[in-house]
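Here the structure comes first, spelled out in structure tokens, and everything after it is commentary.
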2 protein chains.
Amino acid sequence: MKGHPLRNQIEEIVKLTDDEFVFVLEHFQKRIFKKHQIVLHEGDYARYDYFVLNGLMRVSRWDSNGKEHILQFGMENWWITDAEAFHYQIKSTLTVDCLEDTKALSLTLENKEKLSHELPKMQNFFLKKTTNGYIALQKRILCFLSSNANDRYHNLLSIYPGLIQRVPKAMIASYLGVTRETLSRLAKIEA
Amino acid sequence: MKGHPLRNQIEEIVKLTDDEFVFVLEHFQKRIFKKHQIVLHEGDYARYDYFVLNGLMRVSRWDSNGKEHILQFGMENWWITDAEAFHYQIKSTLTVDCLEDTKALSLTLENKEKLSHELPKMQNFFLKKTTNGYIALQKRILCFLSSNANDRYHNLLSIYPGLIQRVPKAMIASYLGVTRETLSRLAKIEA
């Protein structure tokens with residue numbers, strides 16, 4: 001079990017014994033998805049949070065003009081779901097799909113809460129991960145407020161290493177909230 | 001101690017006995033700030049997270065063009081700090097100041113962690129609050145991605161009731177990332 005990507009991530013924050021990690025893992029289910037598979041449809045309940053083992057997932061919203069906005073990518077070692085629908089157990093306003101064949105571990109809210117209760121250091125892990133996520137979103141908002149697409153582009157390069165080689169340019173533009181033309185300009189400055 | 005705003009907020013998530021709340025409160029310090037007082041200067045370490053009892057605080061960043069961007073307001077019952085500098089114990093890139101005379105409770109990171117450890121239900125409280133904050137930031141990002149200033153304005157009205165009566169229009173525009181002219185147009189649609 002040493003070297004398991006989930007264990008590695010947890011142990012960056014709290015240490016686990018082998019038995020504890022086996023116990024943690026019992027709360028997850030292994031999932032295999034195909035490229036293009038929709039894992040959560042808008043309007044459905046979000047039963048799972050996903051920890052990506054390998055592959056690439058995405059959370060997006062279609063606006064009323066039929067335009068797609070990408071809220072998040074989830075590559076190896078990322079957690080991904082419609083956070084609002086998952087935590088409040090309401091119908092999803094977002095879509096989660098796979099951009100590559102993907103292996104993931106799924107966790108229900110019930111099991112997340114059970115795990116947090118039975119092993120308080122897992123609650124500590126979830127708190128630290130959520131805090132890191134909160135801070136990352138604040139940075140993304142500050143980039144929007146300063147209308148600095150260049151900062152947003154560099155932010156993406158640093159948090160998703162290798163992503164731009166794995167997805168079409170249009171998706172990167174959609175995540176950044178810029179046009180394809182602006183993205184080409186940013187990528188040229190970088191090259 | 002019944003009816004204390006911090007206790008009310010905690011008890012929306014976890015129940016506390018009177019003794020437990022006294023114990024919680026011992027981890028906080030009462031702070032009184034004047035209008036315009038800078039509570040955290042850019043470049044300083046963020047020693048405290050603040051729970052606002054009454055008054056109004058703000059977190060903002062000055063960009064390289066000398067333009068101010070407001071990341072967050074903190075009115076009654078809000079938590080406010082430079083989250084990155086506070087949690088990672090690094091120098092602040094943001095400024096926290098008071099827009100009104102303000103009473104707040106301050107919490108150090110050390111006391112936050114002590115409290116989480118000694119009373120795991122407080123860790124549960126912090127996890128739920130951080131998760132709610134994370135979800136709120138995702139919504140704000142989706143509003144930016146769809147370039148829908150009207151949604152952003154309504155989002156602000158719903159999360160900060162009464163705020164627009166308490167601060168100059170320019171600050172609302174700075175929070176929304178729009179010009180004063182756009183804001184006037186939005187406010188007119190609303191009226």
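Here, A, B, ... name the chains of the structure tokens in the order displayed, residue numbers run from 1 inside each chain, and ligands are numbered from 1 in the same displayed order.
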| field | Those of chain B in DSSP helix (DSSP H, G or I), formatted as a count of residues only | value | 90
Go through segment 63-88 of chain B residue by residue and, counting only C-alpha atoms, keep those with an atom at most 12 Å from segment 142-158 of chain A; for each kept residue give the shortest atom pair and its distance in Å to one decimal, ordered by chain and increasing number, as CSV.
```
residue,atom,partner,partner_atom,distance
B:Asp63,CA,A:Ser146,CA,7.1
B:Ser64,CA,A:Ser146,CA,9.5
B:Asn65,CA,A:Ser146,CA,9.5
B:Gly66,CA,A:Ser146,CA,10.7
B:Lys67,CA,A:Ser146,CA,8.2
B:Glu68,CA,A:Ser146,CA,8.6
B:His69,CA,A:Leu145,CA,6.2
B:Ile70,CA,A:Leu145,CA,8.1
B:Leu71,CA,A:Leu142,CA,6.7
B:Gln72,CA,A:Leu142,CA,10.4
```
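Nearest-residue note for chain B: choosing from A:Ala187, A:Ile164, A:Leu127, A:Val178, the minimum distance belongs to A:Leu127, counting only C-alpha atoms.
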| message | Contacts from chain B to chain A, 8 Å maximum, only C-alpha atoms: show me the residue list as a count of residues only. | response | 27
| task | Do a neighbour search on Met75 of chain B at 9 Å with only C-alpha atoms, toss out local chain neighbours closer than 2 positions, and write the hits as a VMD selection string. | result | chain B and resid 52 to 58 73 77 to 80 160 163
| task | Check segment 64-126 of chain B with DSSP on the backbone and list each residue it calls strand (DSSP E or B), as an MDAnalysis selection string. | result | chainID B and resid 68:74 79:80 91 95:98 102:108
| All residues 8 Å or closer to Gln29 of chain B, only C-alpha atoms, same chain fewer than 6 positions away omitted, as JSON, numbers by chain | {"B": [105, 106, 107]}
